[in-house]
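The next block is run.txt, given as compact mmCIF, C-alpha atoms and all ligand atoms.
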# COMPACT_ATOMS: atom_id res chain seq x y z
CA MET A 1 5.35 19.25 -0.29
CA SER A 2 3.41 22.00 1.43
CA ALA A 3 -0.36 22.02 1.64
CA THR A 4 -0.71 24.83 -0.92
CA LYS A 5 1.84 23.89 -3.56
CA GLN A 6 0.80 24.00 -7.20
CA LEU A 7 2.47 22.82 -10.41
CA LYS A 8 3.67 26.32 -11.22
CA ASP A 9 5.37 26.50 -7.79
CA LEU A 10 7.49 23.41 -8.42
CA ASP A 11 11.19 23.77 -9.03
CA TYR A 12 11.24 24.10 -12.82
CA SER A 13 14.08 21.60 -13.09
CA VAL A 14 11.62 18.92 -11.90
CA LEU A 15 9.17 19.78 -14.69
CA GLN A 16 11.78 19.76 -17.45
CA GLN A 17 13.58 16.54 -16.51
CA CYS A 18 11.65 14.55 -19.13
CA MET A 19 13.64 14.24 -22.38
CA HIS A 20 10.76 12.54 -24.23
CA CYS A 21 12.69 9.32 -24.92
CA GLY A 22 9.60 7.14 -24.39
CA MET A 23 11.39 4.38 -22.46
CA CYS A 24 8.68 4.55 -19.79
CA LEU A 25 5.83 3.90 -22.24
CA PRO A 26 5.88 0.07 -22.32
CA THR A 27 6.00 -0.06 -18.50
CA CYS A 28 2.93 2.15 -18.02
CA PRO A 29 -0.24 0.05 -17.50
CA THR A 30 -2.61 2.72 -18.81
CA TYR A 31 -0.52 3.24 -21.96
CA VAL A 32 -0.42 -0.53 -22.49
CA SER A 33 -4.22 -0.54 -22.27
CA THR A 34 -4.96 2.35 -24.64
CA LYS A 35 -1.74 2.97 -26.65
CA ARG A 36 -2.59 6.68 -26.40
CA GLU A 37 0.21 9.18 -25.74
CA ARG A 38 -1.90 11.23 -23.34
CA ASN A 39 -2.37 8.11 -21.13
CA SER A 40 1.40 7.64 -20.83
CA PRO A 41 3.85 9.14 -18.33
CA ARG A 42 5.35 11.30 -21.10
CA GLY A 43 1.91 12.59 -22.06
CA ARG A 44 0.95 13.34 -18.47
CA ILE A 45 4.22 15.15 -17.83
CA ALA A 46 3.58 17.25 -20.96
CA LEU A 47 0.14 18.16 -19.59
CA MET A 48 1.55 19.09 -16.17
CA ARG A 49 4.29 21.17 -17.76
CA ALA A 50 1.73 22.96 -19.93
CA VAL A 51 -0.15 23.92 -16.74
CA ALA A 52 3.05 25.14 -15.09
CA ASP A 53 3.88 27.17 -18.22
CA GLY A 54 0.43 28.75 -18.17
CA ASN A 55 -0.56 27.13 -21.49
CA LEU A 56 -3.30 24.92 -20.02
CA GLU A 57 -5.98 25.63 -17.44
CA VAL A 58 -6.33 23.32 -14.44
CA GLY A 59 -9.59 21.69 -15.41
CA GLN A 60 -11.45 18.44 -15.89
CA GLU A 61 -9.07 17.33 -18.67
CA LEU A 62 -6.07 17.36 -16.32
CA ALA A 63 -8.10 15.87 -13.46
CA ASP A 64 -9.33 12.97 -15.61
CA GLU A 65 -5.83 12.17 -16.78
CA MET A 66 -4.35 12.31 -13.29
CA ASN A 67 -7.19 10.18 -11.92
CA TYR A 68 -6.63 7.64 -14.70
CA CYS A 69 -2.95 7.29 -13.66
CA LEU A 70 -2.51 4.44 -11.17
CA GLY A 71 0.35 6.18 -9.39
CA CYS A 72 2.22 2.90 -9.67
CA LEU A 73 5.56 4.64 -10.32
CA ALA A 74 6.72 2.03 -12.86
CA CYS A 75 7.70 5.03 -15.00
CA THR A 76 10.17 6.27 -12.37
CA THR A 77 12.04 2.95 -12.42
CA ALA A 78 12.14 2.89 -16.23
CA CYS A 79 13.16 6.52 -16.68
CA PRO A 80 16.87 7.05 -17.49
CA ALA A 81 16.56 10.79 -16.72
CA GLY A 82 15.46 10.23 -13.11
CA VAL A 83 12.15 12.05 -13.54
CA ASP A 84 10.55 12.84 -10.16
CA TYR A 85 7.08 11.72 -11.22
CA THR A 86 5.87 11.28 -7.63
CA THR A 87 6.23 14.99 -6.81
CA MET A 88 4.57 16.09 -10.03
CA PHE A 89 1.76 13.54 -9.70
CA GLU A 90 0.93 14.37 -6.07
CA THR A 91 1.08 18.12 -6.80
CA ALA A 92 -1.20 17.79 -9.84
CA ARG A 93 -3.69 15.68 -7.91
CA ALA A 94 -3.72 18.19 -5.04
CA GLU A 95 -4.21 21.06 -7.46
CA THR A 96 -7.14 19.43 -9.24
CA GLU A 97 -8.78 18.32 -5.99
CA ALA A 98 -8.51 21.86 -4.58
CA ASN A 99 -10.38 23.26 -7.59
CA PRO A 100 -14.11 23.49 -6.69
CA ASN A 101 -15.13 23.44 -10.38
CA ILE A 102 -13.74 19.95 -10.95
CA GLY A 103 -15.55 16.69 -10.17
CA THR A 104 -19.09 15.89 -9.10
CA THR A 105 -20.77 16.72 -5.78
CA LYS A 106 -21.12 12.99 -5.06
CA ARG A 107 -17.40 12.38 -5.58
CA ARG A 108 -16.47 15.38 -3.41
CA LEU A 109 -18.81 14.20 -0.65
CA LEU A 110 -17.44 10.65 -0.72
CA ARG A 111 -13.89 11.94 -0.68
CA PHE A 112 -14.68 14.33 2.19
CA LEU A 113 -16.26 11.55 4.26
CA LEU A 114 -13.43 9.11 3.66
CA LEU A 115 -10.39 11.38 3.88
CA ASP A 116 -11.58 14.03 6.35
CA LYS A 117 -14.04 12.15 8.52
CA VAL A 118 -12.86 8.53 8.68
CA PHE A 119 -9.17 8.01 7.85
CA LEU A 120 -8.16 10.96 9.99
CA TYR A 121 -9.57 9.33 13.13
CA PRO A 122 -8.34 5.83 14.12
CA ASN A 123 -11.20 5.37 16.60
CA ARG A 124 -13.85 6.01 13.95
CA LEU A 125 -12.12 3.62 11.57
CA GLN A 126 -12.03 0.99 14.31
CA PHE A 127 -15.70 1.56 15.08
CA LEU A 128 -16.57 1.01 11.40
CA GLY A 129 -14.32 -2.07 11.47
CA HIS A 130 -16.30 -3.45 14.42
CA LEU A 131 -19.61 -2.92 12.56
CA LEU A 132 -18.24 -4.55 9.42
CA ARG A 133 -16.90 -7.46 11.48
CA ILE A 134 -20.36 -8.10 12.96
CA TYR A 135 -21.95 -7.76 9.50
CA GLN A 136 -19.53 -10.30 8.00
CA GLN A 137 -19.23 -12.76 10.87
CA THR A 138 -22.95 -13.15 11.47
CA GLY A 139 -23.40 -14.05 7.77
CA LEU A 140 -25.62 -10.98 7.31
CA ASP A 141 -23.44 -9.97 4.37
CA GLU A 142 -24.29 -13.10 2.40
CA PHE A 143 -28.00 -12.69 3.14
CA VAL A 144 -27.97 -9.03 2.08
CA ARG A 145 -25.99 -9.88 -1.08
CA ALA A 146 -28.32 -12.74 -2.02
CA LEU A 147 -31.26 -10.30 -1.93
CA LYS A 148 -29.20 -7.75 -3.92
CA LEU A 149 -30.06 -5.13 -1.26
CA PRO A 150 -26.85 -3.06 -1.70
CA TYR A 151 -28.07 -2.22 -5.24
CA LEU A 152 -30.97 -0.33 -3.64
CA LEU A 153 -28.35 2.19 -2.45
CA GLY A 154 -27.01 2.61 -5.98
CA LYS A 155 -25.23 0.60 -8.66
CA SER A 156 -21.77 1.55 -7.42
CA ILE A 157 -22.57 0.46 -3.82
CA GLY A 158 -23.93 -2.85 -5.14
CA ARG A 159 -20.77 -3.46 -7.11
CA LEU A 160 -18.43 -2.41 -4.29
CA GLU A 161 -20.04 -4.17 -1.33
CA PRO A 162 -18.58 -7.65 -2.04
CA GLN A 163 -15.12 -6.05 -2.37
CA ALA A 164 -15.12 -4.79 1.23
CA PRO A 165 -12.07 -6.26 2.99
CA ARG A 166 -12.87 -9.12 5.36
CA MET A 167 -12.29 -8.05 8.95
CA ASN A 168 -10.11 -10.22 11.17
CA ARG A 169 -11.59 -11.89 14.27
CA GLU A 170 -9.19 -9.83 16.36
CA PHE A 171 -7.84 -6.41 15.38
CA SER A 172 -4.18 -5.54 15.93
CA ASP A 173 -4.93 -3.75 19.20
CA GLU A 174 -6.56 -6.95 20.48
CA CYS A 175 -3.85 -9.41 19.46
CA ILE A 176 -0.63 -7.39 19.93
CA ASP A 177 0.55 -5.92 23.25
CA THR A 178 2.15 -2.48 23.34
CA TRP A 179 5.47 -4.00 24.37
CA GLU A 180 6.48 -7.60 23.64
CA HIS A 181 9.88 -9.14 24.29
CA PRO A 182 11.74 -12.13 22.78
CA PRO A 183 11.07 -15.45 24.52
CA GLU A 184 13.56 -16.83 27.00
CA GLY A 185 16.61 -18.35 25.37
CA VAL A 186 16.58 -15.88 22.44
CA ALA A 187 19.45 -13.38 22.61
CA ARG A 188 18.14 -9.80 22.67
CA ARG A 189 19.40 -7.58 19.86
CA GLY A 190 17.54 -4.32 20.40
CA LYS A 191 14.16 -2.60 20.16
CA VAL A 192 12.00 -1.81 17.17
CA GLY A 193 8.63 -0.17 16.65
CA VAL A 194 5.94 -1.71 14.44
CA LEU A 195 3.52 0.33 12.33
CA SER A 196 0.22 -1.49 12.41
CA GLY A 197 -1.49 0.61 9.70
CA CYS A 198 -5.13 1.62 9.49
CA VAL A 199 -7.01 -0.87 7.30
CA GLN A 200 -4.08 -3.27 7.73
CA SER A 201 -4.70 -3.20 11.47
CA LEU A 202 -8.30 -4.38 10.98
CA ALA A 203 -8.19 -6.65 7.92
CA PHE A 204 -4.61 -7.92 8.14
CA SER A 205 -3.97 -8.01 11.88
CA ASP A 206 -2.78 -11.60 11.34
CA VAL A 207 0.04 -10.25 9.14
CA ASN A 208 0.86 -7.69 11.84
CA ARG A 209 0.90 -10.49 14.43
CA ASP A 210 3.20 -12.52 12.15
CA THR A 211 5.48 -9.49 11.75
CA VAL A 212 5.79 -9.11 15.52
CA ASP A 213 6.39 -12.86 15.95
CA VAL A 214 9.16 -12.88 13.32
CA LEU A 215 10.86 -9.91 15.00
CA LEU A 216 10.58 -11.50 18.48
CA HIS A 217 11.95 -14.76 17.11
CA ASN A 218 14.97 -12.87 15.81
CA GLY A 219 15.70 -11.19 19.13
CA TRP A 220 13.94 -7.82 18.79
CA SER A 221 11.74 -6.30 21.49
CA VAL A 222 8.71 -4.79 19.80
CA PHE A 223 6.83 -1.58 20.58
CA THR A 224 3.40 -1.32 18.88
CA PRO A 225 1.35 1.69 20.05
CA LYS A 226 -2.41 1.08 20.19
CA SER A 227 -4.96 2.92 17.98
CA GLN A 228 -2.31 4.05 15.54
CA SER A 229 -3.12 6.86 13.19
CA CYS A 230 -3.21 6.28 9.43
CA CYS A 231 0.18 7.10 7.84
CA GLY A 232 -1.45 9.57 5.44
CA SER A 233 -0.48 7.87 2.17
CA ILE A 234 -4.14 7.67 1.13
CA HIS A 235 -4.38 11.44 1.64
CA ALA A 236 -1.12 12.23 -0.17
CA HIS A 237 -1.96 10.04 -3.18
CA ASN A 238 -5.46 11.47 -3.41
CA GLY A 239 -4.54 15.12 -3.46
CA ALA A 240 -4.93 16.05 0.21
CA PRO A 241 -1.39 17.01 1.37
CA GLY A 242 -2.71 19.05 4.32
CA LEU A 243 -4.48 16.01 5.75
CA ALA A 244 -1.45 13.82 4.95
CA LEU A 245 0.65 16.21 7.04
CA LYS A 246 -1.80 16.06 9.95
CA THR A 247 -2.08 12.26 10.01
CA GLY A 248 1.70 11.89 9.64
CA GLU A 249 2.28 14.17 12.64
CA ASN A 250 -0.30 12.26 14.71
CA LEU A 251 1.47 9.00 13.93
CA MET A 252 4.91 10.37 14.76
CA ASN A 253 3.57 11.63 18.10
CA GLN A 254 2.42 8.11 18.99
CA PHE A 255 6.02 6.88 18.71
CA GLU A 256 7.54 9.97 20.32
CA ARG A 257 8.16 8.62 23.85
CA GLU A 258 10.17 5.63 22.59
CA PHE A 259 11.57 7.15 19.40
CA PHE A 260 15.21 7.49 20.44
CA SER A 261 15.35 4.04 22.06
CA LEU A 262 14.16 2.30 18.88
CA ASP A 263 16.67 0.89 16.40
CA ALA A 264 14.09 1.00 13.61
CA ILE A 265 10.40 1.54 12.95
CA ILE A 266 9.06 -1.32 10.86
CA THR A 267 6.38 -1.23 8.20
CA ASN A 268 5.07 -4.32 6.42
CA ALA A 269 2.84 -2.66 3.81
CA GLY A 270 4.59 -1.58 0.60
CA GLY A 271 2.21 1.31 -0.10
CA CYS A 272 2.47 2.79 3.39
CA GLY A 273 6.24 2.29 3.56
CA SER A 274 6.86 4.33 0.45
CA HIS A 275 5.03 7.29 1.99
CA LEU A 276 6.34 6.77 5.55
CA LYS A 277 9.93 7.15 4.35
CA HIS A 278 9.24 10.61 2.89
CA TYR A 279 7.82 12.58 5.80
CA HIS A 280 10.67 15.08 5.52
CA SER A 281 9.56 16.17 2.05
CA LEU A 282 6.04 16.63 3.46
CA MET A 283 6.90 18.30 6.77
CA GLY A 284 10.39 19.73 6.25
CA THR A 285 11.35 19.28 9.93
CA GLU A 286 14.44 17.74 11.55
CA LYS A 287 12.16 15.34 13.44
CA ALA A 288 10.70 14.11 10.13
CA ARG A 289 14.19 13.66 8.68
CA GLN A 290 15.15 11.43 11.65
CA TRP A 291 11.87 9.54 11.27
CA ASP A 292 12.55 8.84 7.57
CA GLN A 293 15.94 7.39 8.47
CA LYS A 294 14.42 5.08 11.06
CA VAL A 295 11.56 3.64 8.97
CA LYS A 296 12.41 0.26 7.43
CA ASP A 297 10.40 -2.18 5.40
CA ILE A 298 10.24 -5.53 7.22
CA HIS A 299 11.97 -7.40 4.38
CA GLU A 300 14.76 -4.88 4.05
CA PHE A 301 15.24 -4.90 7.85
CA LEU A 302 15.39 -8.69 8.16
CA VAL A 303 17.86 -9.03 5.30
CA GLU A 304 20.03 -6.13 6.54
CA THR A 305 20.17 -7.32 10.16
CA GLY A 306 20.06 -11.07 9.45
CA PHE A 307 17.30 -13.54 10.27
CA GLU A 308 17.22 -17.17 11.32
CA ILE A 309 16.64 -19.63 8.50
CA PRO A 310 13.79 -21.96 9.49
CA GLY A 311 14.34 -25.71 9.54
CA SER A 312 12.80 -28.04 6.97
CA ARG A 313 9.73 -30.18 7.73
CA GLY A 314 10.49 -32.37 4.70
CA GLY A 315 7.87 -33.50 2.20
CA GLU A 316 6.85 -31.96 -1.09
CA LYS A 317 7.89 -28.40 -1.86
CA HIS A 318 5.16 -25.75 -2.24
CA ARG A 319 5.36 -23.85 -5.51
CA LEU A 320 4.99 -20.13 -4.97
CA THR A 321 5.44 -16.99 -7.03
CA TYR A 322 6.06 -13.40 -5.94
CA HIS A 323 4.10 -10.34 -7.10
CA GLU A 324 5.92 -7.09 -6.25
CA SER A 325 3.93 -4.28 -4.69
CA CYS A 326 4.53 -1.16 -6.86
CA HIS A 327 5.36 1.02 -3.91
CA LEU A 328 7.80 -1.54 -2.53
CA CYS A 329 9.74 -2.06 -5.77
CA HIS A 330 9.27 1.26 -7.60
CA GLY A 331 8.57 3.48 -4.57
CA GLN A 332 11.20 2.05 -2.20
CA GLY A 333 13.51 0.23 -4.63
CA ILE A 334 13.18 -3.02 -2.65
CA LYS A 335 13.15 -5.96 -5.04
CA GLN A 336 15.57 -8.55 -3.76
CA ALA A 337 14.94 -8.70 0.00
CA PRO A 338 11.45 -10.33 -0.17
CA ARG A 339 12.83 -12.86 -2.68
CA GLU A 340 15.71 -13.65 -0.30
CA ILE A 341 13.22 -14.36 2.46
CA LEU A 342 11.12 -16.59 0.22
CA ASP A 343 14.21 -18.44 -1.03
CA ALA A 344 15.19 -19.09 2.60
CA LEU A 345 11.95 -20.99 3.23
CA PRO A 346 13.04 -24.61 3.21
CA ASP A 347 9.89 -26.24 1.91
CA CYS A 348 9.07 -23.81 -0.88
CA GLU A 349 10.12 -23.44 -4.49
CA ARG A 350 9.85 -19.92 -5.92
CA ILE A 351 8.93 -19.54 -9.57
CA GLU A 352 9.68 -16.11 -11.04
CA LEU A 353 6.48 -14.30 -12.07
CA PRO A 354 6.68 -12.68 -15.54
CA ASN A 355 6.27 -8.89 -15.17
CA SER A 356 6.27 -9.30 -11.40
CA ASP A 357 6.79 -5.54 -10.94
CA THR A 358 3.77 -4.53 -13.01
CA CYS A 359 0.77 -3.15 -11.11
CA CYS A 360 -2.14 -5.47 -10.23
CA GLY A 361 -4.69 -2.63 -10.52
CA SER A 362 -5.34 -2.17 -6.81
CA ALA A 363 -3.42 1.11 -6.44
CA GLY A 364 -4.94 2.40 -3.19
CA ILE A 365 -8.58 3.12 -3.97
CA TYR A 366 -8.08 3.07 -7.77
CA ASN A 367 -10.00 -0.22 -8.06
CA VAL A 368 -12.97 1.55 -6.47
CA LEU A 369 -12.72 4.77 -8.50
CA GLN A 370 -11.61 3.30 -11.86
CA PRO A 371 -13.05 -0.24 -11.82
CA GLU A 372 -12.84 -0.87 -15.57
CA GLU A 373 -9.17 -0.02 -16.02
CA SER A 374 -8.38 -1.75 -12.71
CA ALA A 375 -10.02 -4.93 -14.05
CA ARG A 376 -8.00 -4.75 -17.30
CA VAL A 377 -4.75 -4.38 -15.37
CA LEU A 378 -5.74 -7.23 -13.03
CA ASP A 379 -6.57 -9.52 -15.96
CA ARG A 380 -3.02 -9.14 -17.29
CA LYS A 381 -1.63 -9.95 -13.83
CA LEU A 382 -3.82 -13.05 -13.50
CA GLU A 383 -2.68 -14.28 -16.94
CA SER A 384 0.94 -13.99 -15.77
CA ILE A 385 0.17 -15.84 -12.54
CA LYS A 386 -1.48 -18.68 -14.44
CA THR A 387 1.67 -19.28 -16.51
CA THR A 388 3.72 -20.05 -13.39
CA GLY A 389 1.69 -23.04 -12.19
CA ALA A 390 2.17 -21.75 -8.62
CA GLU A 391 -0.08 -22.87 -5.77
CA CYS A 392 0.42 -19.61 -3.91
CA VAL A 393 0.98 -15.96 -4.90
CA VAL A 394 3.02 -14.04 -2.35
CA THR A 395 2.86 -10.27 -2.06
CA SER A 396 3.54 -7.65 0.58
CA ASN A 397 0.82 -5.06 0.45
CA PRO A 398 -2.77 -5.36 1.69
CA GLY A 399 -4.24 -3.79 -1.46
CA CYS A 400 -2.39 -6.20 -3.78
CA HIS A 401 -3.35 -9.11 -1.52
CA LEU A 402 -7.08 -8.28 -1.73
CA GLN A 403 -7.03 -7.43 -5.43
CA ILE A 404 -5.25 -10.63 -6.51
CA GLN A 405 -7.26 -12.79 -4.12
CA GLY A 406 -10.49 -11.33 -5.52
CA GLY A 407 -9.33 -11.95 -9.10
CA LEU A 408 -8.29 -15.54 -8.43
CA ASN A 409 -11.56 -16.25 -6.62
CA SER A 410 -13.62 -14.82 -9.46
CA LEU A 411 -11.86 -17.21 -11.88
CA GLY A 412 -12.32 -20.10 -9.44
CA LEU A 413 -8.59 -20.80 -9.43
CA PRO A 414 -7.35 -22.81 -6.42
CA ILE A 415 -4.38 -20.49 -5.82
CA THR A 416 -3.90 -18.96 -2.38
CA VAL A 417 -2.43 -15.53 -1.56
CA ASP A 418 -0.02 -14.96 1.30
CA GLN A 419 2.72 -12.58 2.47
CA PRO A 420 6.47 -13.27 2.88
CA VAL A 421 6.51 -12.41 6.58
CA SER A 422 3.52 -14.68 7.24
CA LEU A 423 5.18 -17.60 5.48
CA LEU A 424 8.33 -17.00 7.53
CA ALA A 425 6.32 -16.85 10.78
CA LYS A 426 4.53 -20.07 9.80
CA ALA A 427 7.84 -21.77 9.04
CA TYR A 428 9.23 -20.74 12.47
CA ARG A 429 6.11 -22.09 14.22
CA GLU A 430 6.32 -25.37 12.34
CA SER A 431 10.08 -25.72 12.99
CA PHE A 432 9.53 -25.39 16.70
CA SER A 433 6.25 -27.29 17.09
S1 LIG B 1 2.54 6.07 -12.29
FE1 LIG B 1 2.06 4.15 -13.40
S2 LIG B 1 0.13 4.57 -14.45
FE2 LIG B 1 0.95 6.57 -13.83
S3 LIG B 1 2.16 7.31 -15.54
FE3 LIG B 1 3.60 6.21 -14.24
S4 LIG B 1 3.62 4.09 -15.05
FE4 LIG B 1 1.78 5.11 -15.90
S1 LIG B 2 11.45 7.59 -19.63
FE1 LIG B 2 11.64 9.49 -18.44
S2 LIG B 2 12.60 10.92 -19.84
FE2 LIG B 2 11.86 9.23 -21.11
S3 LIG B 2 9.79 9.91 -21.74
FE3 LIG B 2 9.51 8.69 -19.89
S4 LIG B 2 9.52 10.23 -18.23
FE4 LIG B 2 10.40 11.23 -20.06
Translate the structure described by the file into C-alpha cells.
Ligand code: SF4
Ligand code: SF4
Amino acid sequence: MSATKQLKDLDYSVLQQCMHCGMCLPTCPTYVSTKRERNSPRGRIALMRAVADGNLEVGQELADEMNYCLGCLACTTACPAGVDYTTMFETARAETEANPNIGTTKRRLLRFLLLDKVFLYPNRLQFLGHLLRIYQQTGLDEFVRALKLPYLLGKSIGRLEPQAPRMNREFSDECIDTWEHPPEGVARRGKVGVLSGCVQSLAFSDVNRDTVDVLLHNGWSVFTPKSQSCCGSIHAHNGAPGLALKTGENLMNQFEREFFSLDAIITNAGGCGSHLKHYHSLMGTEKARQWDQKVKDIHEFLVETGFEIPGSRGGEKHRLTYHESCHLCHGQGIKQAPREILDALPDCERIELPNSDTCCGSAGIYNVLQPEESARVLDRKLESIKTTGAECVVTSNPGCHLQIQGGLNSLGLPITVDQPVSLLAKAYRESFS
C-alpha cells in the first residue's frame, strides 16, 4: 500500500468481494458486544464501499467506526469469499487519519508524538524505557500511584499509568549478543536472524532471550542486531503507511549485511509477524519480496525445521491453556504450531480454551484508545479462561500477554501468563540442569 492510497484508489474487486452472507458476524467482537450491523465487518465494508463509490464523505462517522474496529481479522478467517479486510481497513484508517477535519487536537498531538517522534527512533524509545525502568524499580511508581498524582495530569493519564508495561531489568541489547553460536556438542544447522521488536525488546527481553536460547539449543547460530527499529505495524494499523514504510526500511537495512547468509529471520510476536511478512505489499520492491519469504514466526520455524523434545522432570503435570494472538492465527494462519510445541512439553497438560482465537481486547493500542470496549472483550476472554481450570495461560504476543495478565490480576486470580517459547526454554534448562 502506498503512502497516499485512498479507498477510491483500491482495486474495485477488493471492495466488492463481500457477498453479504453474514458468516463473519458472530466472530466479530464489536458486533457481539452491540449486535449492531454498522459495528460488524459487513457494515464496515458497506461504509468503505460507499466512500469508494462517492456516496459517503470521509468524515467522523467513518473514522469512529474504523477506530471501533479492533483490527483483529477474525472476519477474514470466517469469510468464505476471501474478503481482503486488512487492505480495506488499513486504507480507511490512513484516509481518516490524513483528514485534518477529523479527530481532536489532543488525539492528533498524542498520535504525532507516539508515531512520529518515539516509535520511529529506537534510541528515543530505549531512553524512555530506561526512565520507566528507574521509575518502576525504585518503587516510585507505587508511591506516585498511592498519592493519585497521575490524575493531576488528566483522567486518562491516571487510568493509563498503572497499565504501563513493566520494564525488564535488562533490555534485549544488554542480554543478547549480536552473534551467538550453539554450545559445543550441538550440531550446527545454519544461521538465523532474530527480530527483537521495539516494546518487546524492553518489556519482554526475557522472551527474546528465551527465543535465542531455544534456537541455539536446536543448532542455529543467531544474529540479533542491536537497537533494532520498530517493524512499523503500529504505524500501519494506525493509519500511517508512510511511517510504516520508513520504519520497515530501517529495519531491513539493519539485517542487510547478513541477509543472504541467514536461513530465516525469526519473529516471536504475533502482531509484528503478521506485518513483517507483508513488506512487499507496502514497499513493492524485490528486496521486500525476499524479506517476506525469509520472515518466520518462531513456532512455525521450530515445527517446520524440527526441535528437540525436552526430557521429563517427573511430578505433577501443570495445567495450561493457550490463547491465540489474533495476528498469529488470523493474520498469519498459524494455529497448530504453538499447540504442537506446548504438547511436546513433558510436564504440562494443555486444556483447549473455548474461543481461543477470539481477541482479548489488547489489539495494539486499542485498549488505550477504546478502554470500555477493550474491557468488555477482555471480560469474555477471562470468563473462557476460568472455565478451563488452568494454572497458566500461554500466548505469543506481548500485547495479549499484558492484557490478560492485567485482567487476571484485577480479578485476583492465581493464574500466571507465559509464552510457548519461554516454556520450551525453561524445559530445556531444567532437562539439562
Ligand atoms: S477486524 Fe475484528 S473487530 Fe474489525 S470487523 Fe473484523 S472481526 Fe470485527
Ligand atoms: S463473511 Fe465475508 S462475504 Fe460474508 S458478510 Fe462477512 S465479509 Fe461479507
Each residue of segment 169-205 of chain A with at least one atom at most 10 Å from segment 283-295 of chain A should appear once, together with its nearest atom pair and the corresponding distance in Å (one decimal); atoms considered: all atoms listed in the file; ordering: chain, then increasing residue number; output as CSV.
residue,atom,partner,partner_atom,distance
A:Val192,CA,A:Lys294,CA,9.5
A:Gly193,CA,A:Val295,CA,9.1
A:Val194,CA,A:Val295,CA,9.5
A:Leu195,CA,A:Val295,CA,9.3
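Candidate residues A:Tyr135, A:Tyr85, A:Tyr121, A:Phe127 were compared for distance to ligand LIG 2 (chain B), and the nearest is A:Tyr85, using only C-alpha atoms and all ligand atoms.
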message: At a cut-off of 7 Å and counting all atoms listed in the file, what residues surround ligand LIG 1 (chain B)? Please answer as a ChimeraX atom specification.
response: /A:24,27-31,40-41,44,69-76
query: How would you write, as a PyMOL selection string, the set of residues no farther than 6 Å from ligand LIG 2 (chain B) when counting all atoms listed in the file?
result: chain A and resi 18-24+41-42+78-81+83
For the residues in the current selection, export C-alpha atoms as a JSON list (two decimals), in the frame of the given file.
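Written file, selection13.json:
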[["chain", "number", "residue", "atom", "x", "y", "z"],
["A", 18, "CYS", "CA", 11.65, 14.55, -19.13],
["A", 19, "MET", "CA", 13.64, 14.24, -22.38],
["A", 20, "HIS", "CA", 10.76, 12.54, -24.23],
["A", 21, "CYS", "CA", 12.69, 9.32, -24.92],
["A", 22, "GLY", "CA", 9.60, 7.14, -24.39],
["A", 23, "MET", "CA", 11.39, 4.38, -22.46],
["A", 24, "CYS", "CA", 8.68, 4.55, -19.79],
["A", 41, "PRO", "CA", 3.85, 9.14, -18.33],
["A", 42, "ARG", "CA", 5.35, 11.30, -21.10],
["A", 78, "ALA", "CA", 12.14, 2.89, -16.23],
["A", 79, "CYS", "CA", 13.16, 6.52, -16.68],
["A", 80, "PRO", "CA", 16.87, 7.05, -17.49],
["A", 81, "ALA", "CA", 16.56, 10.79, -16.72],
["A", 83, "VAL", "CA", 12.15, 12.05, -13.54]]
message: Residues near Glu391 of chain A, anyone? I mean within 10 Å using only C-alpha atoms, not counting same-chain ones fewer than 4 positions away, as a PyMOL selection string.
response: chain A and resi 318-321+385-386+413-417
- prompt: Which residues come within 12 Å of Asp141 of chain A, counting all atoms listed in the file, excluding same-chain residues fewer than 6 positions away, as a ChimeraX atom specification?
  reply: /A:131-135,147-150,158,161-164,166
task: Find the residue from A:Ile351, A:Ile265, A:Leu128, A:Val212 that sits nearest to Ala425 of chain A; use all atoms listed in the file when measuring.
output: A:Val212
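Proximity to Asn409 of chain A was assessed for A:Cys348, A:Cys272, A:Leu382, A:Val421 counting only C-alpha atoms; the smallest distance is recorded for A:Leu382.
Remark: for His275 of chain A, the closest of the candidate residues A:Cys360, A:Ala187, A:Leu152, A:Ile234 is A:Ile234 (distances computed over all atoms listed in the file).
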message: I need the residue nearest Thr104 of chain A from this list: A:Arg124, A:Arg38, A:Lys117, A:Ala63. Use only C-alpha atoms for the distance.
response: A:Ala63
field: Atom pair atom CA of Ser172 of chain A / atom CA of Ala203 of chain A: separation (Å)
entry: 9.0 Å
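Atom to atom, atom CA of Leu7 of chain A and atom CA of Cys326 of chain A stand 24.3 Å apart.
Interatomic distance, atom CA of Asp9 of chain A to atom CA of Tyr68 of chain A: 23.4 Å.
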